[in-house]
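Trainee: Compact mmCIF, C-alpha atoms, saved as coords-v6.txt, coming up:
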```
# COMPACT_ATOMS: atom_id res chain seq x y z
CA MET X 1 14.65 29.99 20.48
CA THR X 2 13.60 29.44 24.06
CA SER X 3 11.73 26.73 25.92
CA GLU X 4 9.04 27.85 28.35
CA THR X 5 9.12 26.19 31.75
CA ALA X 6 6.97 26.89 34.75
CA ASP X 7 8.95 29.90 35.89
CA GLU X 8 11.64 30.69 33.37
CA SER X 9 12.49 30.92 29.72
CA VAL X 10 15.55 28.87 28.68
CA ARG X 11 17.67 29.41 25.59
CA VAL X 12 17.84 26.09 23.76
CA LEU X 13 19.38 26.84 20.35
CA ALA X 14 22.97 27.90 19.73
CA GLU X 15 23.66 30.41 16.97
CA GLY X 16 25.69 27.90 14.96
CA ASP X 17 22.87 25.38 15.03
CA GLY X 18 20.37 28.07 14.06
CA LEU X 19 22.58 29.01 11.12
CA GLU X 20 22.79 25.39 10.02
CA LEU X 21 19.04 25.05 10.05
CA LEU X 22 18.55 28.37 8.28
CA ALA X 23 20.91 27.32 5.49
CA TYR X 24 19.15 23.98 5.18
CA LEU X 25 15.71 25.58 4.87
CA VAL X 26 16.73 28.23 2.34
CA THR X 27 18.57 25.79 0.11
CA ALA X 28 15.81 23.19 0.45
CA ALA X 29 13.38 25.77 -0.90
CA ARG X 30 15.58 26.06 -3.97
CA THR X 31 16.22 22.37 -4.50
CA GLN X 32 12.54 21.64 -4.12
CA VAL X 33 11.83 23.65 -7.28
CA ASP X 34 13.59 20.88 -9.25
CA GLU X 35 12.60 17.87 -7.17
CA ALA X 36 9.66 15.52 -6.96
CA ALA X 37 6.79 16.75 -4.81
CA GLU X 38 7.19 13.85 -2.39
CA TYR X 39 10.49 15.32 -1.27
CA ALA X 40 8.81 18.42 0.18
CA PRO X 41 7.37 16.84 3.35
CA MET X 42 10.49 14.72 3.70
CA ARG X 43 12.70 17.81 3.73
CA LEU X 44 10.45 19.58 6.22
CA LEU X 45 10.45 16.57 8.52
CA THR X 46 14.23 16.34 8.24
CA ALA X 47 14.45 20.00 9.27
CA ALA X 48 12.08 19.35 12.16
CA GLY X 49 14.15 16.35 13.24
CA ARG X 50 17.38 18.32 13.11
CA LEU X 51 15.83 21.17 15.06
CA ALA X 52 14.61 18.69 17.66
CA GLU X 53 18.10 17.20 17.89
CA MET X 54 19.66 20.63 18.36
CA VAL X 55 17.15 21.76 20.96
CA GLU X 56 16.84 18.57 23.00
CA PRO X 57 19.93 18.89 25.25
CA ASN X 58 18.69 22.16 26.74
CA ALA X 59 14.94 21.63 26.50
CA SER X 60 12.60 21.21 29.42
CA ALA X 61 11.56 17.68 30.34
CA GLY X 62 8.08 18.26 28.98
CA LEU X 63 9.30 19.42 25.60
CA ARG X 64 11.94 16.73 25.42
CA SER X 65 9.40 13.95 25.03
CA LEU X 66 7.81 15.78 22.10
CA LEU X 67 11.23 16.32 20.55
CA ARG X 68 11.98 12.62 20.78
CA GLU X 69 8.66 11.85 19.12
CA VAL X 70 9.52 14.21 16.27
CA ARG X 71 12.97 12.67 15.85
CA GLN X 72 11.77 9.10 15.97
CA GLY X 73 8.57 9.53 14.01
CA PHE X 74 10.05 9.50 10.54
CA SER X 75 13.37 8.35 9.19
CA GLU X 76 15.08 10.78 6.81
CA THR X 77 14.40 8.36 3.96
CA THR X 78 10.69 7.86 4.53
CA VAL X 79 8.53 8.96 1.61
CA GLN X 80 4.77 8.95 1.28
CA ALA X 81 4.90 6.38 -1.52
CA GLY X 82 6.24 3.79 0.93
CA ASP X 83 2.82 3.51 2.58
CA PRO X 84 0.60 6.44 1.55
CA ALA X 85 -2.24 5.93 4.01
CA ARG X 86 -0.01 5.18 6.98
CA TYR X 87 2.25 8.13 6.14
CA VAL X 88 -0.63 10.60 6.47
CA GLU X 89 -1.90 8.89 9.62
CA ARG X 90 1.49 9.21 11.25
CA LEU X 91 1.81 12.83 10.22
CA ASP X 92 -1.63 13.56 11.67
CA ALA X 93 -0.62 11.81 14.89
CA LEU X 94 2.52 13.91 15.09
CA CYS X 95 0.51 17.08 14.47
CA ARG X 96 -1.86 16.08 17.29
CA SER X 97 1.09 15.57 19.62
CA VAL X 98 2.42 19.03 18.75
CA ALA X 99 -1.01 20.55 19.35
CA GLU X 100 -1.44 18.73 22.66
CA TYR X 101 1.90 20.06 23.81
CA LEU X 102 0.89 23.57 22.76
CA VAL X 103 -2.33 23.30 24.75
CA ARG X 104 -0.43 22.19 27.86
CA SER X 105 2.53 24.51 27.57
CA GLN X 106 0.56 27.60 26.64
CA GLY X 107 -2.07 27.13 29.34
CA LEU X 108 -4.89 26.71 26.85
CA ASP X 109 -6.69 23.93 28.67
CA GLY X 110 -8.32 26.12 31.31
CA SER X 111 -11.56 28.05 31.08
CA PRO X 112 -11.42 31.35 29.15
CA MET Y 1 29.38 -16.96 -9.49
CA ASN Y 2 32.87 -16.17 -8.18
CA ASN Y 3 33.38 -12.83 -9.86
CA ALA Y 4 34.77 -9.98 -7.75
CA VAL Y 5 33.46 -7.21 -10.00
CA LEU Y 6 29.93 -8.59 -10.10
CA HIS Y 7 30.04 -9.18 -6.37
CA ALA Y 8 31.03 -5.56 -5.78
CA ILE Y 9 28.29 -4.32 -8.10
CA ARG Y 10 25.65 -6.38 -6.36
CA THR Y 11 26.68 -5.57 -2.81
CA ARG Y 12 27.25 -1.81 -3.12
CA ARG Y 13 24.68 0.31 -1.31
CA VAL Y 14 24.14 4.01 -0.82
CA VAL Y 15 25.67 4.72 2.59
CA ARG Y 16 23.80 7.44 4.46
CA ALA Y 17 25.45 7.15 7.88
CA LEU Y 18 29.20 7.40 8.32
CA THR Y 19 31.50 7.19 11.33
CA ASP Y 20 34.00 9.89 12.22
CA ALA Y 21 36.95 7.62 11.42
CA PRO Y 22 39.31 9.43 9.05
CA LEU Y 23 40.11 8.37 5.50
CA GLU Y 24 43.62 7.60 4.35
CA HIS Y 25 44.88 9.92 1.63
CA ASP Y 26 45.60 6.93 -0.59
CA GLN Y 27 42.01 5.75 -0.25
CA LEU Y 28 40.71 9.13 -1.31
CA ARG Y 29 43.13 9.26 -4.21
CA THR Y 30 42.11 5.78 -5.34
CA VAL Y 31 38.45 6.77 -5.47
CA LEU Y 32 39.23 10.07 -7.18
CA ASP Y 33 41.50 8.54 -9.81
CA SER Y 34 38.97 5.87 -10.69
CA ALA Y 35 36.88 8.56 -12.39
CA ARG Y 36 39.57 8.70 -15.09
CA TYR Y 37 38.45 5.29 -16.21
CA ALA Y 38 34.75 6.10 -16.47
CA PRO Y 39 33.38 6.38 -20.00
CA HIS Y 40 33.18 10.05 -21.02
CA ALA Y 41 31.95 11.63 -24.23
CA GLY Y 42 34.91 12.25 -26.49
CA ASN Y 43 37.34 11.70 -23.60
CA ARG Y 44 37.77 15.49 -23.52
CA ARG Y 45 37.85 16.10 -19.75
CA LEU Y 46 34.90 18.46 -19.65
CA HIS Y 47 34.45 17.94 -15.92
CA ARG Y 48 36.21 19.15 -12.82
CA TYR Y 49 36.58 17.25 -9.56
CA VAL Y 50 36.81 19.18 -6.31
CA VAL Y 51 38.10 17.26 -3.30
CA VAL Y 52 37.08 18.47 0.14
CA THR Y 53 38.47 17.17 3.42
CA ARG Y 54 38.50 20.29 5.63
CA PRO Y 55 35.87 19.77 8.36
CA SER Y 56 34.60 23.36 8.28
CA LEU Y 57 34.09 23.18 4.52
CA LEU Y 58 32.38 19.82 4.77
CA ARG Y 59 30.04 21.20 7.43
CA ALA Y 60 29.17 24.21 5.28
CA MET Y 61 28.58 21.95 2.29
CA ARG Y 62 26.16 19.87 4.32
CA MET Y 63 24.29 22.99 5.42
CA VAL Y 64 23.45 23.86 1.81
CA SER Y 65 22.80 20.27 0.74
CA PRO Y 66 19.39 19.09 1.92
CA GLY Y 67 20.02 15.68 0.37
CA MET Y 68 23.18 15.12 2.38
CA LEU Y 69 22.12 12.97 5.30
CA GLN Y 70 25.68 11.81 5.91
CA ARG Y 71 28.37 13.69 7.77
CA PRO Y 72 31.18 12.78 5.38
CA MET Y 73 34.86 12.73 6.22
CA ALA Y 74 35.63 13.67 2.64
CA ALA Y 75 33.69 14.63 -0.45
CA ILE Y 76 34.36 14.73 -4.16
CA VAL Y 77 32.28 17.26 -6.05
CA VAL Y 78 31.79 16.48 -9.72
CA CYS Y 79 31.43 19.69 -11.73
CA VAL Y 80 30.71 20.46 -15.36
CA ASP Y 81 33.02 22.99 -16.99
CA TRP Y 82 30.51 24.63 -19.31
CA ALA Y 83 33.07 26.72 -21.22
CA LYS Y 84 34.81 23.52 -22.25
CA VAL Y 85 31.47 21.90 -23.02
CA HIS Y 86 30.61 24.73 -25.43
CA ASP Y 87 34.10 24.68 -26.96
CA TYR Y 88 33.73 20.97 -27.56
CA GLY Y 89 30.54 21.62 -29.49
CA PHE Y 90 27.83 20.30 -27.22
CA PRO Y 91 24.63 22.34 -27.56
CA ALA Y 92 23.49 23.97 -24.32
CA ALA Y 93 20.67 21.49 -23.79
CA SER Y 94 22.76 18.41 -24.48
CA PRO Y 95 22.40 15.73 -21.81
CA GLY Y 96 25.92 14.48 -22.53
CA PRO Y 97 27.74 16.32 -19.74
CA TYR Y 98 25.17 15.14 -17.20
CA ILE Y 99 25.41 11.56 -18.38
CA ASP Y 100 29.15 11.72 -17.86
CA VAL Y 101 28.62 13.00 -14.31
CA GLY Y 102 26.65 9.82 -13.75
CA THR Y 103 29.24 7.50 -15.22
CA ALA Y 104 32.00 9.10 -13.13
CA ALA Y 105 29.85 8.85 -10.02
CA ALA Y 106 29.01 5.20 -10.64
CA VAL Y 107 32.67 4.28 -11.03
CA MET Y 108 33.73 6.21 -7.91
CA LEU Y 109 30.94 4.71 -5.80
CA LEU Y 110 31.92 1.23 -6.88
CA THR Y 111 35.60 1.92 -6.28
CA ALA Y 112 34.88 3.21 -2.79
CA HIS Y 113 32.90 0.07 -2.02
CA SER Y 114 35.64 -2.14 -3.42
CA ILE Y 115 38.22 -0.73 -0.98
CA GLY Y 116 35.93 -0.94 2.00
CA LEU Y 117 34.68 2.64 2.20
CA GLY Y 118 31.13 3.83 2.51
CA ALA Y 119 29.94 6.24 -0.15
CA GLY Y 120 26.76 7.99 -1.15
CA PRO Y 121 25.84 10.35 -3.97
CA VAL Y 122 24.05 13.64 -3.32
CA THR Y 123 22.37 15.74 -6.00
CA SER Y 124 19.98 17.70 -3.79
CA PHE Y 125 21.99 20.81 -3.01
CA SER Y 126 22.03 24.44 -4.03
CA ARG Y 127 24.36 24.76 -7.01
CA ALA Y 128 24.68 28.49 -6.38
CA ALA Y 129 25.51 28.09 -2.71
CA LEU Y 130 27.97 25.26 -3.21
CA ALA Y 131 29.79 27.08 -6.02
CA THR Y 132 30.18 30.06 -3.69
CA ILE Y 133 31.39 27.97 -0.75
CA LEU Y 134 33.97 26.19 -2.95
CA ASN Y 135 34.94 29.39 -4.80
CA LEU Y 136 34.48 27.70 -8.17
CA PRO Y 137 35.41 29.62 -11.33
CA ASP Y 138 32.62 31.10 -13.43
CA GLY Y 139 31.09 28.47 -15.67
CA VAL Y 140 32.09 25.54 -13.47
CA ARG Y 141 28.89 24.19 -11.99
CA PRO Y 142 28.73 21.50 -9.30
CA GLU Y 143 26.35 18.69 -10.24
CA LEU Y 144 26.96 15.80 -7.85
CA ILE Y 145 28.67 15.16 -4.55
CA ILE Y 146 30.21 11.84 -3.58
CA CYS Y 147 30.24 11.59 0.22
CA LEU Y 148 32.97 9.34 1.59
CA GLY Y 149 33.81 7.78 4.91
CA HIS Y 150 33.46 4.55 6.82
CA ALA Y 151 29.98 3.10 6.98
CA ALA Y 152 28.28 3.22 10.39
CA ALA Y 153 26.87 -0.01 11.71
CA GLU Y 154 23.35 1.39 11.73
CA GLN Y 155 21.98 2.86 8.51
CA PRO Y 156 18.71 4.68 7.77
CA PRO Y 157 16.31 2.39 5.97
CA ALA Y 158 16.45 2.40 2.18
CA VAL Y 159 13.82 4.51 0.44
CA ARG Y 160 10.78 2.27 -0.02
CA ARG Y 161 7.70 2.83 -2.13
CA GLN Y 162 4.65 0.83 -3.04
CA GLY Y 163 3.31 0.06 -6.45
CA GLY Y 164 6.44 0.40 -8.53
CA PRO Y 165 7.08 -1.80 -11.54
CA SER Y 166 9.09 -4.97 -11.18
CA TRP Y 167 12.55 -5.09 -12.73
CA ASP Y 168 11.36 -7.22 -15.66
CA GLU Y 169 8.54 -4.77 -16.33
CA VAL Y 170 11.02 -2.03 -17.19
CA ILE Y 171 12.95 -4.17 -19.66
CA GLN Y 172 12.18 -4.40 -23.37
CA TRP Y 173 13.88 -7.12 -25.38
CA GLU Y 174 14.32 -6.22 -29.04
CA ARG Y 175 11.70 -4.11 -30.87
CA GLY Y 176 8.58 -3.13 -28.95
```
Once more with this new file: its structure as structure tokens, please.

Mentor:
Amino acid sequence: MTSETADESVRVLAEGDGLELLAYLVTAARTQVDEAAEYAPMRLLTAAGRLAEMVEPNASAGLRSLLREVRQGFSETTVQAGDPARYVERLDALCRSVAEYLVRSQGLDGSP
Amino acid sequence: MNNAVLHAIRTRRVVRALTDAPLEHDQLRTVLDSARYAPHAGNRRLHRYVVVTRPSLLRAMRMVSPGMLQRPMAAIVVCVDWAKVHDYGFPAASPGPYIDVGTAAAVMLLTAHSIGLGAGPVTSFSRAALATILNLPDGVRPELIICLGHAAAEQPPAVRRQGGPSWDEVIQWERG
């Protein structure tokens, strides 16, 4: 995985970290077959948080703030049933932050 | 009430953040051996206990265990030996072996707490992957991991949910 900066592409994920995340995602797919549905978003957010933690040391300054938001947005024990309405609101807010970063980093905010 | 056992029961918590301070071998042995005293169906030793302290193994275990938020310094994997279960006469769908996993886990968690360790159970892991990583014999299936270490000062919040029943609402006294 690389982080795009103004004039270069930087490698931000070590192979060992990538392997750890890969193993987590594959095995989470299996465990989710037997687990309550509310665990699914929790596992995905945990994976996102771990990816953010792995990437952050080598990420560009612009991406780093998004990574911190991902890491701090949800604890690994937060489930929707804790506060259903607020949970979805916070997820939507996080999705908006991701999209806003995409618009900025991918140069989508200019005229076509 | 000045009762050490009750106090330990009431103050034990699932520990999801551990420090990197090592465990003493005697501490690990104390937790492990406490499972002997858990109530088990028929007292037939139908379970196997795998102790892991090697950092590379612990890291691999965590990779295939989505429910493992901790980075444990040691782990005890409670397994069911299904060949022995069948020999004993349990039908395949019997919940007995799983209940005994729970009783062993409860005793070990309480023991860990009583000697000042942090401990947390994990059941969300790939049985197939963990059996491969630990090179378990055929028919020995891992069912629960006890993560052990020293509790970190800062813990993730407990799992909270709205709208659940109160404790008294789940109790029935006598015939319903």

Trainee: Which residues of chain Y come within 9 Å of chain X, and what is each one's closest atom pair and distance in Å (one decimal), counting only C-alpha atoms, sorted by chain and residue number, as CSV?

Mentor:
```
residue,atom,partner,partner_atom,distance
Y:Arg59,CA,X:Glu20,CA,8.8
Y:Ala60,CA,X:Glu20,CA,8.0
Y:Arg62,CA,X:Tyr24,CA,8.2
Y:Met63,CA,X:Tyr24,CA,5.2
Y:Val64,CA,X:Tyr24,CA,5.5
Y:Ser65,CA,X:Tyr24,CA,6.8
Y:Pro66,CA,X:Ala28,CA,5.6
Y:Gly67,CA,X:Arg43,CA,8.3
Y:Leu69,CA,X:Glu76,CA,7.5
Y:Ser124,CA,X:Thr31,CA,6.0
Y:Phe125,CA,X:Thr31,CA,6.2
Y:Ser126,CA,X:Thr27,CA,5.6
Y:Arg127,CA,X:Thr31,CA,8.8
Y:Ala129,CA,X:Thr27,CA,7.8
Y:Pro156,CA,X:Ser75,CA,6.6
Y:Pro157,CA,X:Thr77,CA,6.6
Y:Ala158,CA,X:Thr77,CA,6.5
Y:Val159,CA,X:Thr77,CA,5.2
Y:Arg160,CA,X:Gly82,CA,4.9
Y:Arg161,CA,X:Gly82,CA,3.5
Y:Gln162,CA,X:Gly82,CA,5.2
Y:Gly163,CA,X:Ala81,CA,8.2
```

Trainee: For the selection just defined, write its residues with C-alpha atoms to a file, as a PDB file, keeping the file's coordinate frame.

Mentor:
```pdb
ATOM      1  CA  ARG Y  59      30.040  21.200   7.430  1.00  0.00           C
ATOM      2  CA  ALA Y  60      29.170  24.210   5.280  1.00  0.00           C
ATOM      3  CA  ARG Y  62      26.160  19.870   4.320  1.00  0.00           C
ATOM      4  CA  MET Y  63      24.290  22.990   5.420  1.00  0.00           C
ATOM      5  CA  VAL Y  64      23.450  23.860   1.810  1.00  0.00           C
ATOM      6  CA  SER Y  65      22.800  20.270   0.740  1.00  0.00           C
ATOM      7  CA  PRO Y  66      19.390  19.090   1.920  1.00  0.00           C
ATOM      8  CA  GLY Y  67      20.020  15.680   0.370  1.00  0.00           C
ATOM      9  CA  LEU Y  69      22.120  12.970   5.300  1.00  0.00           C
ATOM     10  CA  SER Y 124      19.980  17.700  -3.790  1.00  0.00           C
ATOM     11  CA  PHE Y 125      21.990  20.810  -3.010  1.00  0.00           C
ATOM     12  CA  SER Y 126      22.030  24.440  -4.030  1.00  0.00           C
ATOM     13  CA  ARG Y 127      24.360  24.760  -7.010  1.00  0.00           C
ATOM     14  CA  ALA Y 129      25.510  28.090  -2.710  1.00  0.00           C
ATOM     15  CA  PRO Y 156      18.710   4.680   7.770  1.00  0.00           C
ATOM     16  CA  PRO Y 157      16.310   2.390   5.970  1.00  0.00           C
ATOM     17  CA  ALA Y 158      16.450   2.400   2.180  1.00  0.00           C
ATOM     18  CA  VAL Y 159      13.820   4.510   0.440  1.00  0.00           C
ATOM     19  CA  ARG Y 160      10.780   2.270  -0.020  1.00  0.00           C
ATOM     20  CA  ARG Y 161       7.700   2.830  -2.130  1.00  0.00           C
ATOM     21  CA  GLN Y 162       4.650   0.830  -3.040  1.00  0.00           C
ATOM     22  CA  GLY Y 163       3.310   0.060  -6.450  1.00  0.00           C
TER      23      GLY Y 163
END
```

Trainee: Which residues, written as a PDB file with C-alpha atoms, keeping the file's coordinate frame, have at least one atom at most 8 Å from Thr123 (chain Y), with all atoms listed in the file counted and residues fewer than 6 positions away on the same chain left out?

Mentor:
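Done, and the output landed in out-v9.pdb:
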```pdb
ATOM      1  CA  GLY Y  67      20.020  15.680   0.370  1.00  0.00           C
ATOM      2  CA  GLU Y 143      26.350  18.690 -10.240  1.00  0.00           C
ATOM      3  CA  LEU Y 144      26.960  15.800  -7.850  1.00  0.00           C
ATOM      4  CA  ILE Y 145      28.670  15.160  -4.550  1.00  0.00           C
TER       5      ILE Y 145
END
```

Trainee: Quote the spacing between CA of Asn43 (chain Y) and CA of Val78 (chain Y) in Å to one decimal place.

Mentor: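 If I compute the distance from CA of Asn43 (chain Y) to CA of Val78 (chain Y), I get 15.7 Å.
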
Trainee: Quick check, in Å to one decimal: how far apart do CA of Val31 (chain Y) and CA of Arg54 (chain Y) lie?

Mentor: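 CA of Arg54 (chain Y) lies 17.5 Å from CA of Val31 (chain Y).
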
Trainee: Between CA of Gln72 (chain X) and CA of Ala75 (chain Y), what is the distance in Å, rounded to a tenth?

Mentor: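 Rounded to one decimal, the two atoms are 27.9 Å apart.
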
Trainee: Residues near Pro142 (chain Y), anyone? I mean within 12 Å using all atoms listed in the file, not counting same-chain ones fewer than 3 positions away, as number ranges by chain.

Mentor: Y: 47-51, 61, 65, 76-82, 97-98, 101, 122-139, 145-146

Trainee: Pick out the closest residue to Arg50 (chain X) from this set: X:Asp109, X:Asp17, X:Glu100, X:Asp92. Count only C-alpha atoms.

Mentor: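 Closest candidate: X:Asp17.
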
Trainee: Can you work out which one of X:Val98, X:Met54, X:Ala59, X:Leu45 has the shortest atom-to-atom distance to Arg11 (chain X), counting only C-alpha atoms?

Mentor: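 Of X:Val98, X:Met54, X:Ala59, X:Leu45, the one nearest Arg11 (chain X) is X:Ala59, counting only C-alpha atoms.
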
Trainee: Of the candidates X:Ala36, X:Gly110, X:Ser60, X:Val55, which shows the shortest atom-to-atom distance to Gly18 (chain X), using only C-alpha atoms?

Mentor: X:Val55

Trainee: Please identify all polymer residues within 6 Å of Val15 (chain Y), counting all atoms listed in the file, omitting same-chain residues fewer than 2 positions from it, and present them as a compact mmCIF listing (two decimals) with C-alpha atoms, in the frame of the given file.

Mentor:
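And here is the file that came out, around_30.txt:
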```txt
# COMPACT_ATOMS: atom_id res chain seq x y z
CA ARG Y 13 24.68 0.31 -1.31
CA ALA Y 17 25.45 7.15 7.88
CA GLY Y 118 31.13 3.83 2.51
CA ALA Y 119 29.94 6.24 -0.15
CA GLY Y 120 26.76 7.99 -1.15
```

Trainee: Assuming 3 Å of padding per side, give the centre and edge lengths of the axis-aligned box around every listed atom of region 137-153 of chain Y, in Å to one decimal and as lines of an AutoDock Vina configuration file.

Mentor:
```
center_x = 30.9
center_y = 15.5
center_z = -2.0
size_x = 15.1
size_y = 37.1
size_z = 33.4
```

Trainee: Counting all atoms listed in the file, I want the residues whose atoms come within 10 Å of (30.2, -5.1, -5.7) in the file frame, returned as a list in words.

Mentor: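 Collected hits near the coordinates: Asn3, Ala4, Val5, Leu6, His7, Ala8, Ile9, Arg10, Thr11, Arg12, Arg13, Leu109, Leu110, Thr111, Ala112, His113 and Ser114 of chain Y.
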